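Below is my_file04.txt, which holds compact mmCIF, C-alpha atoms and all ligand atoms.
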```
# COMPACT_ATOMS: atom_id res chain seq x y z
CA MET W 1 -128.53 44.59 120.85
CA ASN W 2 -129.60 42.72 117.77
CA ASP W 3 -133.26 43.46 117.12
CA LYS W 4 -133.72 41.16 114.15
CA PHE W 5 -136.63 38.78 114.80
CA LEU W 6 -135.47 35.43 116.11
CA PRO W 7 -137.99 32.87 114.83
CA PHE W 8 -139.20 30.06 117.07
CA ALA W 9 -137.85 27.43 114.67
CA LEU W 10 -135.89 27.20 111.41
CA PRO W 11 -134.77 24.20 109.37
CA ASP W 12 -131.01 23.63 109.06
CA ILE W 13 -130.48 23.32 105.30
CA ASP W 14 -127.22 23.89 103.45
CA GLU W 15 -125.67 23.26 100.05
CA HIS W 16 -125.78 19.49 100.62
CA GLU W 17 -129.58 19.37 100.64
CA ILE W 18 -129.81 21.94 97.84
CA ASN W 19 -127.44 19.95 95.64
CA ALA W 20 -129.14 16.64 96.44
CA VAL W 21 -132.56 18.03 95.55
CA THR W 22 -131.20 19.66 92.38
CA GLU W 23 -129.62 16.39 91.35
CA CYS W 24 -132.92 14.60 91.95
CA LEU W 25 -134.79 17.15 89.83
CA ARG W 26 -132.25 16.73 87.03
CA SER W 27 -132.42 12.93 87.22
CA GLY W 28 -135.97 12.79 85.86
CA TRP W 29 -137.22 10.62 88.75
CA ILE W 30 -138.94 12.87 91.29
CA THR W 31 -141.56 10.69 92.96
CA THR W 32 -140.99 7.53 95.06
CA GLY W 33 -137.94 5.75 93.67
CA PRO W 34 -134.23 5.17 94.22
CA LYS W 35 -133.73 8.08 96.64
CA THR W 36 -136.65 6.95 98.78
CA ARG W 37 -135.14 3.46 98.91
CA GLU W 38 -131.77 4.87 99.84
CA PHE W 39 -133.29 7.04 102.55
CA GLU W 40 -135.12 4.04 104.02
CA HIS W 41 -131.90 2.01 103.99
CA SER W 42 -129.93 4.80 105.68
CA PHE W 43 -132.64 5.21 108.30
CA ALA W 44 -132.70 1.47 108.98
CA ARG W 45 -128.91 1.47 109.27
CA TYR W 46 -129.10 4.30 111.79
CA LEU W 47 -131.60 2.38 113.93
CA ASP W 48 -129.44 -0.73 113.58
CA ALA W 49 -132.08 -3.19 114.82
CA ASP W 50 -134.31 -5.95 113.56
CA VAL W 51 -136.99 -3.57 112.28
CA GLU W 52 -138.53 -2.61 108.96
CA VAL W 53 -138.81 1.02 107.93
CA VAL W 54 -141.40 2.39 105.53
CA SER W 55 -141.28 6.02 104.41
CA VAL W 56 -144.46 8.06 104.12
CA ASN W 57 -145.28 11.67 103.27
CA SER W 58 -146.05 12.71 106.87
CA ALA W 59 -146.13 11.31 110.37
CA THR W 60 -149.88 11.86 110.30
CA ALA W 61 -150.12 9.50 107.33
CA GLY W 62 -147.75 7.08 109.09
CA LEU W 63 -149.81 6.99 112.28
CA HIS W 64 -152.97 6.46 110.25
CA LEU W 65 -151.38 3.63 108.25
CA ALA W 66 -149.92 1.97 111.34
CA LEU W 67 -153.28 1.90 113.09
CA GLU W 68 -154.96 0.71 109.90
CA ALA W 69 -152.44 -2.10 109.55
CA LEU W 70 -153.19 -3.19 113.11
CA GLY W 71 -156.89 -3.40 112.25
CA ILE W 72 -158.13 -0.49 114.37
CA GLY W 73 -161.69 0.32 113.30
CA PRO W 74 -165.16 1.47 114.33
CA GLY W 75 -166.01 0.77 117.95
CA ASP W 76 -162.37 0.57 119.04
CA GLU W 77 -160.77 2.88 121.57
CA VAL W 78 -157.20 4.18 121.44
CA ILE W 79 -155.67 5.80 124.52
CA LEU W 80 -153.46 8.85 124.05
CA PRO W 81 -152.39 11.95 125.99
CA THR W 82 -154.42 15.15 125.82
CA LEU W 83 -151.17 17.14 125.65
CA THR W 84 -150.32 16.43 122.01
CA PHE W 85 -150.84 17.68 118.50
CA THR W 86 -154.27 16.94 117.05
CA ALA W 87 -152.73 14.56 114.48
CA THR W 88 -152.23 11.89 117.17
CA ALA W 89 -155.98 11.81 117.78
CA GLU W 90 -157.36 12.60 114.33
CA VAL W 91 -155.90 9.46 112.77
CA VAL W 92 -157.97 7.41 115.22
CA ARG W 93 -161.10 9.16 113.93
CA TYR W 94 -160.08 8.54 110.29
CA LEU W 95 -160.63 4.86 111.09
CA GLY W 96 -163.94 5.41 112.85
CA ALA W 97 -162.43 4.57 116.24
CA ASP W 98 -162.47 6.81 119.32
CA PRO W 99 -159.45 8.41 120.98
CA VAL W 100 -159.59 8.25 124.77
CA LEU W 101 -157.63 11.20 126.14
CA VAL W 102 -155.75 10.87 129.40
CA ASP W 103 -153.74 13.18 131.63
CA ILE W 104 -149.98 13.56 131.83
CA ASP W 105 -147.29 13.18 134.44
CA PRO W 106 -146.46 16.78 135.46
CA ALA W 107 -142.78 15.94 135.99
CA THR W 108 -142.16 14.89 132.38
CA LEU W 109 -145.28 16.16 130.57
CA ASN W 110 -145.51 12.65 129.11
CA ILE W 111 -148.55 10.38 129.24
CA ASP W 112 -149.11 9.03 132.76
CA PRO W 113 -149.02 5.20 132.67
CA TRP W 114 -151.33 5.00 135.66
CA GLN W 115 -153.91 7.03 133.72
CA VAL W 116 -153.51 4.64 130.81
CA LYS W 117 -154.25 1.71 133.09
CA THR W 118 -157.42 3.24 134.48
CA ALA W 119 -158.68 4.25 131.01
CA ILE W 120 -158.62 0.72 129.61
CA THR W 121 -162.03 -0.75 128.73
CA PRO W 122 -163.04 -3.89 126.83
CA ARG W 123 -163.02 -1.70 123.68
CA THR W 124 -159.40 -0.54 124.09
CA LYS W 125 -157.27 -1.73 121.18
CA ALA W 126 -154.17 0.46 121.37
CA VAL W 127 -152.25 3.07 123.31
CA MET W 128 -150.29 5.84 121.61
CA PRO W 129 -147.55 7.26 123.81
CA VAL W 130 -146.15 10.58 122.55
CA HIS W 131 -142.51 11.20 123.46
CA TYR W 132 -143.25 14.79 124.34
CA GLY W 133 -140.57 17.27 123.33
CA GLY W 134 -138.17 14.39 122.65
CA LEU W 135 -138.15 12.78 126.10
CA ALA W 136 -139.10 9.09 126.06
CA CYS W 137 -142.27 8.06 127.89
CA ASP W 138 -142.11 5.48 130.66
CA MET W 139 -142.08 2.72 128.06
CA ASP W 140 -141.40 -0.25 130.39
CA GLU W 141 -144.53 0.60 132.31
CA ILE W 142 -146.61 1.24 129.19
CA ILE W 143 -145.47 -1.91 127.42
CA ASP W 144 -146.19 -3.98 130.57
CA ILE W 145 -149.69 -2.55 130.87
CA ALA W 146 -150.38 -3.08 127.16
CA ARG W 147 -149.02 -6.65 127.15
CA ALA W 148 -151.06 -7.62 130.16
CA ARG W 149 -154.25 -6.47 128.41
CA GLY W 150 -153.37 -7.52 124.87
CA ILE W 151 -153.44 -4.01 123.44
CA TYR W 152 -151.15 -2.55 120.78
CA VAL W 153 -148.55 0.15 121.38
CA VAL W 154 -148.04 2.67 118.57
CA GLU W 155 -145.47 5.33 119.44
CA ASP W 156 -145.95 8.87 118.19
CA ALA W 157 -142.24 9.65 117.88
CA ALA W 158 -142.70 12.89 115.94
CA HIS W 159 -140.43 14.62 118.49
CA ALA W 160 -138.17 11.70 119.20
CA PHE W 161 -135.47 11.33 116.61
CA PRO W 162 -133.03 10.44 117.95
CA THR W 163 -134.26 9.67 121.48
CA ARG W 164 -132.89 6.86 123.62
CA TYR W 165 -134.78 5.00 126.28
CA LYS W 166 -132.55 3.03 128.66
CA GLY W 167 -129.87 2.80 126.01
CA ARG W 168 -132.17 1.85 123.13
CA LEU W 169 -133.19 4.17 120.33
CA ILE W 170 -136.88 4.95 120.07
CA GLY W 171 -137.96 2.93 117.06
CA THR W 172 -136.23 -0.21 118.33
CA LEU W 173 -138.37 -0.95 121.40
CA ASP W 174 -140.74 -3.91 121.61
CA THR W 175 -143.80 -2.05 120.40
CA ASP W 176 -146.04 -2.57 117.38
CA ALA W 177 -145.05 0.53 115.43
CA THR W 178 -143.18 3.80 115.85
CA VAL W 179 -143.75 6.83 113.66
CA PHE W 180 -141.29 9.68 113.11
CA SER W 181 -141.97 13.08 111.52
CA PHE W 182 -139.77 15.06 109.14
CA TYR W 183 -142.00 18.12 109.12
CA ALA W 184 -140.17 21.44 108.63
CA ASN W 185 -139.68 22.22 112.33
CA LYS W 186 -138.74 18.74 113.58
CA THR W 187 -135.21 17.60 114.52
CA MET W 188 -134.57 16.63 110.91
CA THR W 189 -136.72 17.52 107.95
CA THR W 190 -137.72 16.61 104.43
CA GLY W 191 -140.20 19.52 104.24
CA GLU W 192 -143.03 17.05 104.75
CA GLY W 193 -142.32 13.41 105.48
CA GLY W 194 -142.40 10.60 107.97
CA MET W 195 -141.19 7.09 108.71
CA VAL W 196 -143.06 4.08 110.04
CA VAL W 197 -140.86 1.60 111.89
CA THR W 198 -142.10 -1.82 112.96
CA ARG W 199 -140.85 -5.21 114.06
CA ASP W 200 -143.88 -6.88 112.52
CA PRO W 201 -143.35 -7.78 108.83
CA LYS W 202 -147.13 -8.00 108.34
CA VAL W 203 -147.59 -4.43 109.55
CA ALA W 204 -144.74 -3.27 107.29
CA GLU W 205 -146.26 -5.05 104.30
CA ARG W 206 -149.71 -3.59 104.89
CA VAL W 207 -148.32 -0.06 105.35
CA LYS W 208 -146.33 -0.41 102.12
CA ILE W 209 -149.43 -1.43 100.20
CA MET W 210 -151.80 1.10 101.76
CA ARG W 211 -149.42 4.05 101.36
CA ILE W 212 -149.82 3.72 97.58
CA HIS W 213 -153.42 3.06 96.51
CA GLY W 214 -153.54 -0.50 97.83
CA ILE W 215 -151.29 -1.54 94.97
CA SER W 216 -149.26 -4.63 95.64
CA ARG W 217 -146.03 -3.33 94.09
CA ASP W 218 -144.90 0.25 94.25
CA VAL W 219 -144.35 2.41 91.23
CA PHE W 220 -140.60 2.08 91.22
CA ASP W 221 -140.87 -1.70 91.50
CA ARG W 222 -143.00 -1.64 88.40
CA PHE W 223 -140.47 0.53 86.67
CA VAL W 224 -137.44 -1.65 87.33
CA SER W 225 -138.76 -5.19 87.68
CA THR W 226 -138.89 -7.70 84.86
CA THR W 227 -142.63 -8.37 84.75
CA PRO W 228 -144.43 -6.03 82.35
CA SER W 229 -144.41 -2.49 83.71
CA TRP W 230 -148.11 -1.98 83.02
CA PHE W 231 -149.14 -4.82 85.33
CA TYR W 232 -150.21 -4.23 88.94
CA GLU W 233 -152.92 -5.43 91.26
CA VAL W 234 -155.11 -3.42 93.59
CA VAL W 235 -155.74 -5.42 96.74
CA ALA W 236 -157.38 -2.73 98.92
CA PRO W 237 -158.72 0.84 98.67
CA GLY W 238 -155.43 2.40 99.71
CA PHE W 239 -154.24 5.95 100.22
CA LYS W 240 -151.72 8.30 98.60
CA ASP W 241 -149.13 8.64 101.33
CA ASN W 242 -145.83 7.86 99.60
CA LEU W 243 -142.72 10.00 100.09
CA THR W 244 -141.18 11.67 97.03
CA ASP W 245 -137.56 11.26 95.95
CA ILE W 246 -137.20 15.05 96.18
CA ALA W 247 -138.01 14.84 99.90
CA ALA W 248 -135.96 11.68 100.40
CA ALA W 249 -132.91 13.33 98.81
CA MET W 250 -133.12 15.96 101.56
CA GLY W 251 -133.66 13.31 104.18
CA ILE W 252 -130.49 11.43 103.25
CA GLU W 253 -128.45 14.60 103.79
CA GLN W 254 -130.23 15.53 107.02
CA LEU W 255 -129.67 12.06 108.43
CA ARG W 256 -125.91 12.36 107.84
CA LYS W 257 -125.92 15.37 110.19
CA ILE W 258 -128.33 14.10 112.81
CA ASP W 259 -125.71 13.29 115.46
CA ARG W 260 -124.18 16.73 115.02
CA PHE W 261 -127.63 18.29 115.26
CA LEU W 262 -128.29 16.32 118.44
CA MET W 263 -125.03 17.38 120.07
CA ARG W 264 -125.78 21.01 119.33
CA ARG W 265 -129.32 20.74 120.68
CA GLN W 266 -128.05 18.99 123.81
CA ARG W 267 -125.48 21.75 124.41
CA MET W 268 -128.10 24.45 123.95
CA ALA W 269 -130.54 22.68 126.28
CA ASP W 270 -127.78 22.33 128.89
CA ARG W 271 -127.05 26.02 128.60
CA TYR W 272 -130.71 26.98 129.07
CA THR W 273 -130.94 24.67 132.07
CA GLU W 274 -127.84 26.20 133.61
CA GLU W 275 -128.62 29.85 132.94
CA LEU W 276 -132.36 29.82 133.59
CA ALA W 277 -131.92 28.19 137.00
CA GLY W 278 -133.06 30.61 139.68
CA MET W 279 -135.65 32.28 137.46
CA PRO W 280 -139.32 31.68 138.36
CA LEU W 281 -139.53 28.80 135.90
CA ILE W 282 -140.03 25.05 136.03
CA LEU W 283 -137.38 23.74 133.65
CA PRO W 284 -137.91 20.62 131.54
CA ALA W 285 -136.90 17.24 132.93
CA GLY W 286 -133.75 15.82 131.39
CA ALA W 287 -133.33 12.18 130.46
CA ALA W 288 -132.22 9.69 133.10
CA GLY W 289 -128.85 7.98 132.81
CA GLY W 290 -128.60 5.78 129.72
CA SER W 291 -131.40 7.69 128.04
CA GLN W 292 -131.15 10.58 125.60
CA HIS W 293 -133.54 13.50 125.17
CA ALA W 294 -133.84 14.57 121.51
CA TRP W 295 -134.53 18.17 122.61
CA HIS W 296 -137.01 18.88 119.86
CA LEU W 297 -138.62 21.27 122.35
CA TYR W 298 -137.41 23.17 125.39
CA VAL W 299 -140.59 23.79 127.36
CA VAL W 300 -140.57 25.96 130.48
CA ARG W 301 -143.45 26.62 132.84
CA LEU W 302 -143.90 29.79 134.88
CA THR W 303 -144.10 29.29 138.63
CA ASP W 304 -146.56 31.08 140.92
CA ASP W 305 -143.79 33.58 141.77
CA ALA W 306 -143.47 34.82 138.22
CA PRO W 307 -144.17 38.57 138.00
CA ILE W 308 -145.94 38.19 134.68
CA SER W 309 -148.48 35.83 133.09
CA ARG W 310 -147.60 33.31 130.40
CA ASP W 311 -149.58 35.22 127.77
CA GLU W 312 -147.91 38.48 128.74
CA LEU W 313 -144.47 36.86 128.66
CA ILE W 314 -145.04 35.57 125.13
CA GLU W 315 -146.25 39.01 124.08
CA GLN W 316 -143.26 40.80 125.64
CA LEU W 317 -140.78 38.35 124.12
CA SER W 318 -142.38 38.84 120.73
CA ARG W 319 -142.14 42.63 121.09
CA ARG W 320 -138.46 42.16 121.78
CA GLY W 321 -138.08 40.07 118.64
CA ILE W 322 -138.14 36.57 120.11
CA GLY W 323 -140.49 33.93 118.77
CA THR W 324 -141.92 31.29 121.12
CA SER W 325 -144.73 28.79 120.92
CA VAL W 326 -147.06 26.72 123.11
CA HIS W 327 -147.01 22.91 122.90
CA TYR W 328 -149.86 22.33 123.16
CA ILE W 329 -153.29 23.71 123.68
CA PRO W 330 -154.48 20.36 125.12
CA LEU W 331 -156.86 18.47 122.86
CA HIS W 332 -159.63 18.64 125.48
CA ARG W 333 -159.70 22.43 124.95
CA HIS W 334 -160.28 22.26 121.20
CA PRO W 335 -163.95 22.50 120.15
CA TYR W 336 -164.05 19.32 118.11
CA TRP W 337 -162.58 17.03 120.78
CA ARG W 338 -164.21 18.83 123.70
CA ASP W 339 -167.69 18.72 122.20
CA ARG W 340 -167.57 15.29 120.62
CA TYR W 341 -166.48 13.60 123.83
CA ALA W 342 -167.96 16.09 126.34
CA LEU W 343 -164.53 16.69 127.85
CA ARG W 344 -164.04 18.96 130.83
CA PRO W 345 -160.71 20.46 131.92
CA GLU W 346 -161.16 19.05 135.46
CA LYS W 347 -160.61 15.62 133.98
CA PHE W 348 -157.07 16.63 133.00
CA PRO W 349 -155.79 18.74 135.89
CA GLU W 350 -152.08 18.24 135.17
CA ALA W 351 -152.19 18.93 131.44
CA ASP W 352 -154.49 21.87 132.03
CA ALA W 353 -152.25 23.42 134.68
CA ALA W 354 -149.16 22.86 132.54
CA TYR W 355 -150.85 24.40 129.53
CA HIS W 356 -151.59 27.67 131.32
CA ARG W 357 -148.00 28.08 132.45
CA MET W 358 -146.00 26.75 129.50
CA LEU W 359 -144.09 28.15 126.59
CA SER W 360 -141.51 26.63 124.27
CA LEU W 361 -138.29 28.59 123.84
CA PRO W 362 -136.39 28.75 120.54
CA LEU W 363 -133.97 25.83 120.29
CA TYR W 364 -132.60 24.83 116.91
CA THR W 365 -129.23 24.25 115.31
CA LYS W 366 -129.34 27.41 113.18
CA MET W 367 -129.43 29.53 116.36
CA THR W 368 -126.13 31.05 117.40
CA ASP W 369 -124.76 31.35 120.92
CA GLU W 370 -125.53 35.08 120.67
CA ASP W 371 -129.15 34.31 119.77
CA GLN W 372 -129.42 32.14 122.84
CA THR W 373 -127.79 34.80 125.02
CA ARG W 374 -130.44 37.20 123.80
CA VAL W 375 -133.24 34.81 124.79
CA ILE W 376 -131.74 34.25 128.23
CA GLU W 377 -131.06 37.95 128.89
CA THR W 378 -134.55 38.95 127.73
CA LEU W 379 -136.10 36.35 130.04
CA ARG W 380 -133.98 37.70 132.90
CA GLU W 381 -135.17 41.23 132.17
CA LEU W 382 -138.84 40.14 132.09
CA LEU W 383 -138.87 37.66 134.96
CA CYS W 384 -136.35 38.84 137.54
C1 LIG H 1 -145.56 17.12 114.10
C2 LIG H 1 -146.36 16.13 114.86
C3 LIG H 1 -147.17 15.17 114.25
C4 LIG H 1 -147.47 15.19 112.80
O1 LIG H 1 -146.35 15.13 112.00
P1 LIG H 1 -146.50 15.45 110.43
O2 LIG H 1 -145.27 14.86 109.85
O3 LIG H 1 -146.56 16.94 110.32
O4 LIG H 1 -147.74 14.80 109.96
C5 LIG H 1 -147.78 14.22 115.03
N1 LIG H 1 -147.64 14.20 116.35
C6 LIG H 1 -146.90 15.12 117.01
C7 LIG H 1 -146.76 15.02 118.49
C8 LIG H 1 -146.25 16.13 116.28
O5 LIG H 1 -145.54 17.05 116.92
```

Would you mind writing the file out in structure tokens?
Amino acid sequence: MNDKFLPFALPDIDEHEINAVTECLRSGWITTGPKTREFEHSFARYLDADVEVVSVNSATAGLHLALEALGIGPGDEVILPTLTFTATAEVVRYLGADPVLVDIDPATLNIDPWQVKTAITPRTKAVMPVHYGGLACDMDEIIDIARARGIYVVEDAAHAFPTRYKGRLIGTLDTDATVFSFYANKTMTTGEGGMVVTRDPKVAERVKIMRIHGISRDVFDRFVSTTPSWFYEVVAPGFKDNLTDIAAAMGIEQLRKIDRFLMRRQRMADRYTEELAGMPLILPAGAAGGSQHAWHLYVVRLTDDAPISRDELIEQLSRRGIGTSVHYIPLHRHPYWRDRYALRPEKFPEADAAYHRMLSLPLYTKMTDEDQTRVIETLRELLC
């Protein structure tokens, strides 16, 4: 038996990315420029819809900029699931608004639309569904609820590239903005990076300006356009959220492989689902017909019959050289969110129950079939 440590996640980088980055370094243009443009164009081509795409240096920055562009500010409320990464909520605070955490649907671990409906107040300005693990939320329901109340929908699609909802790629639905992440452990990576996608040209324009100091033309524009290169205008106190060409050069190569990555992830998820059946585990919901799970995460939950606790299982797997993780400690259990909004676990029974039973198994394209066999056999040894 191979006792080398199997990490929970690893990026899938080969000579293509290494050469592309090297070429970028040699070119003399390393910040936002031609490669960033090319990456945005390739990404837009992949989505193949009437949307604008704006690259940023993280999904966190993208979510912040999207909400800013929609005018979210002090006194506003934004509804989001408690079972997410803190970034989803922190960007709301950046703007002086308040996140309103709601519970999840235990079947999918996604935000529960009914909970969204009951959390709406006169202050509610937006809802941020998170496509947990790469499975699309119930977007028809969420969009209907939001439309009826005149609130914005900003999708946290950090896990959801490429995810399909009823045949349509996430990023092309009728929402106000969708934000993808290219962080190191996501389904494709630029090290750090993100993409804001929107149907609204005004949102795209504002994000473009605010990602780079509130300057009305970006640096590369200044470099190549015919007006004097020293001239620019500051129209707002913007941020520094632009993607570099070094990162974009990686992104272009990763995007070329994304369908191959997806097929591999789908096969591995299918194999887990087949071989873990019968163990004392709740397996993750797959996508319905016409939809596609991105399988960023494969999250299992221990049932009451399990002979071992979740914490003990993680510990025993780790001792046997298998890395796992927990997605997520719900926000209502973190001191900042809990104390600021006086949140109690009883308010989120489903997310809380899921949290205590869940762990995410290794699932990434660099894993071999033998690696996966090892995970499955070790789980069998510990659980059966
Ligand atoms: C990774 C992640 C983010 C943040 O993405 P970055 O690109 O690292 O800023 C936001 N939301 C969720 C759900 C994530 O998993």

Selection: 6 Å around stretch 359-376 of chain W, all atoms listed in the file, excl. self and same-chain fewer than 6 positions, as a CSV table (one decimal) with C-alpha atoms, in the coordinates of the input:
```csv
chain,number,residue,atom,x,y,z
W,8,PHE,CA,-139.2,30.1,117.1
W,12,ASP,CA,-131.0,23.6,109.1
W,298,TYR,CA,-137.4,23.2,125.4
W,299,VAL,CA,-140.6,23.8,127.4
W,300,VAL,CA,-140.6,26.0,130.5
W,324,THR,CA,-141.9,31.3,121.1
W,325,SER,CA,-144.7,28.8,120.9
W,326,VAL,CA,-147.1,26.7,123.1
```

Tell me, as a short mmCIF file (atom, residue, chain, number, x, y, z; two decimals) with C-alpha atoms, keeping the file's coordinate frame, which residues lie within 9 Å of W:Arg168, counting all atoms listed in the file; anything in the same chain fewer than 4 positions away does not count.
```cif
data_model
loop_
_atom_site.label_atom_id
_atom_site.label_comp_id
_atom_site.auth_asym_id
_atom_site.auth_seq_id
_atom_site.Cartn_x
_atom_site.Cartn_y
_atom_site.Cartn_z
CA THR W 163 -134.26 9.67 121.48
CA ARG W 164 -132.89 6.86 123.62
CA THR W 172 -136.23 -0.21 118.33
CA LEU W 173 -138.37 -0.95 121.40
CA GLY W 290 -128.60 5.78 129.72
CA SER W 291 -131.40 7.69 128.04
#
```

*Hey, what's within 12 Å of W:Trp337 if we count all atoms listed in the file and toss same-chain stuff fewer than 6 positions away? As a PyMOL selection string, please?*
chain W and resi 82+85-87+89-90+93+98-101+329-331+343-345

Could you dump the residues just selected with C-alpha atoms as a tab-separated table (two decimals), in the coordinates of the input?
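Here's the written file again-v3.tsv:
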```tsv
chain	number	residue	atom	x	y	z
W	82	THR	CA	-154.42	15.15	125.82
W	85	PHE	CA	-150.84	17.68	118.50
W	86	THR	CA	-154.27	16.94	117.05
W	87	ALA	CA	-152.73	14.56	114.48
W	89	ALA	CA	-155.98	11.81	117.78
W	90	GLU	CA	-157.36	12.60	114.33
W	93	ARG	CA	-161.10	9.16	113.93
W	98	ASP	CA	-162.47	6.81	119.32
W	99	PRO	CA	-159.45	8.41	120.98
W	100	VAL	CA	-159.59	8.25	124.77
W	101	LEU	CA	-157.63	11.20	126.14
W	329	ILE	CA	-153.29	23.71	123.68
W	330	PRO	CA	-154.48	20.36	125.12
W	331	LEU	CA	-156.86	18.47	122.86
W	343	LEU	CA	-164.53	16.69	127.85
W	344	ARG	CA	-164.04	18.96	130.83
W	345	PRO	CA	-160.71	20.46	131.92
```

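With distances restricted to all atoms listed in the file, W:Asp76 is the closest residue to W:Lys125 from W:Asp156, W:Leu47, W:Pro162, W:Asp76.
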
*Distance filter 9 Å around ligand LIG 1 (chain H), atoms: all atoms listed in the file, out as a ChimeraX atom specification*: /W:56-63,83-89,130-133,156-159,179-186,191-195,327

Give me a file of those residues, with C-alpha atoms, as a PDB file, keeping the file's coordinate frame.
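Wrote it out as out33.pdb, contents follow:
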```pdb
ATOM      1  CA  VAL W  56    -144.460   8.060 104.120  1.00  0.00           C
ATOM      2  CA  ASN W  57    -145.280  11.670 103.270  1.00  0.00           C
ATOM      3  CA  SER W  58    -146.050  12.710 106.870  1.00  0.00           C
ATOM      4  CA  ALA W  59    -146.130  11.310 110.370  1.00  0.00           C
ATOM      5  CA  THR W  60    -149.880  11.860 110.300  1.00  0.00           C
ATOM      6  CA  ALA W  61    -150.120   9.500 107.330  1.00  0.00           C
ATOM      7  CA  GLY W  62    -147.750   7.080 109.090  1.00  0.00           C
ATOM      8  CA  LEU W  63    -149.810   6.990 112.280  1.00  0.00           C
ATOM      9  CA  LEU W  83    -151.170  17.140 125.650  1.00  0.00           C
ATOM     10  CA  THR W  84    -150.320  16.430 122.010  1.00  0.00           C
ATOM     11  CA  PHE W  85    -150.840  17.680 118.500  1.00  0.00           C
ATOM     12  CA  THR W  86    -154.270  16.940 117.050  1.00  0.00           C
ATOM     13  CA  ALA W  87    -152.730  14.560 114.480  1.00  0.00           C
ATOM     14  CA  THR W  88    -152.230  11.890 117.170  1.00  0.00           C
ATOM     15  CA  ALA W  89    -155.980  11.810 117.780  1.00  0.00           C
ATOM     16  CA  VAL W 130    -146.150  10.580 122.550  1.00  0.00           C
ATOM     17  CA  HIS W 131    -142.510  11.200 123.460  1.00  0.00           C
ATOM     18  CA  TYR W 132    -143.250  14.790 124.340  1.00  0.00           C
ATOM     19  CA  GLY W 133    -140.570  17.270 123.330  1.00  0.00           C
ATOM     20  CA  ASP W 156    -145.950   8.870 118.190  1.00  0.00           C
ATOM     21  CA  ALA W 157    -142.240   9.650 117.880  1.00  0.00           C
ATOM     22  CA  ALA W 158    -142.700  12.890 115.940  1.00  0.00           C
ATOM     23  CA  HIS W 159    -140.430  14.620 118.490  1.00  0.00           C
ATOM     24  CA  VAL W 179    -143.750   6.830 113.660  1.00  0.00           C
ATOM     25  CA  PHE W 180    -141.290   9.680 113.110  1.00  0.00           C
ATOM     26  CA  SER W 181    -141.970  13.080 111.520  1.00  0.00           C
ATOM     27  CA  PHE W 182    -139.770  15.060 109.140  1.00  0.00           C
ATOM     28  CA  TYR W 183    -142.000  18.120 109.120  1.00  0.00           C
ATOM     29  CA  ALA W 184    -140.170  21.440 108.630  1.00  0.00           C
ATOM     30  CA  ASN W 185    -139.680  22.220 112.330  1.00  0.00           C
ATOM     31  CA  LYS W 186    -138.740  18.740 113.580  1.00  0.00           C
ATOM     32  CA  GLY W 191    -140.200  19.520 104.240  1.00  0.00           C
ATOM     33  CA  GLU W 192    -143.030  17.050 104.750  1.00  0.00           C
ATOM     34  CA  GLY W 193    -142.320  13.410 105.480  1.00  0.00           C
ATOM     35  CA  GLY W 194    -142.400  10.600 107.970  1.00  0.00           C
ATOM     36  CA  MET W 195    -141.190   7.090 108.710  1.00  0.00           C
ATOM     37  CA  HIS W 327    -147.010  22.910 122.900  1.00  0.00           C
TER      38      HIS W 327
END
```

*Using atom CA of W:Val207 and atom CA of W:Leu80 as the two end points, give the distance in Å to one decimal.*
21.3 Å

*Pick from W:Ala288, W:Ile322, W:Ala236, W:Leu383, whichever lies nearest to W:Leu276 using only C-alpha atoms*: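 Using only C-alpha atoms, W:Leu276 sits closest to W:Leu383.
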
Test item: axis-aligned box, all listed atoms of stretch 79-96 of chain W, 4 Å on each side, centre and edges in Å rounded to one decimal, as JSON:
```
{"center_x": -157.1, "center_y": 11.3, "center_z": 118.1, "size_x": 21.6, "size_y": 20.8, "size_z": 23.7}
```

_atom CA of W:Tyr165 to atom CA of W:Gln292, distance in Å rounded to a single decimal_ = 6.7 Å

*Please work out which residues fall within 7 Å of (-149.5, 9.0, 97.1), coordinates as given in the file, with all atoms listed in the file counting, and return them as a list in words.*
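Returned residue set, sorted by chain then number, is Arg211, Ile212, Phe239, Lys240, Asp241 and Asn242 of chain W.
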
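With only C-alpha atoms as the basis for measurement, W:Val197 is the residue among W:Ile151, W:Leu65, W:Val197, W:Ala9 that approaches W:Ala49 most closely.
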
_Taking only C-alpha atoms into account, name the residue in W:Ala248, W:Val153, W:Leu281, W:Val51 that is nearest to W:Thr189._
W:Ala248

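As for atom CA of W:Val91 and atom CA of W:Gly71, they are spaced 12.9 Å apart.
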
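Across W:Asp221, W:Asp50, W:Glu253, W:Glu205, the tightest approach to W:Arg37 is made by W:Asp221 when counting only C-alpha atoms.
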
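Of the residues listed (W:Phe348, W:Tyr272, W:Tyr152, W:Phe261), W:Tyr152 shows the shortest atom-to-atom separation from W:Ala66; distances use only C-alpha atoms.
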
_So that I can check the surroundings of W:Glu15, please list as an MDAnalysis selection string every protein, DNA and RNA residue that reaches within 12 Å of it, counting all atoms listed in the file and ignoring chain neighbours fewer than 5 positions away._
chainID W and resid 20:23 250 253:254
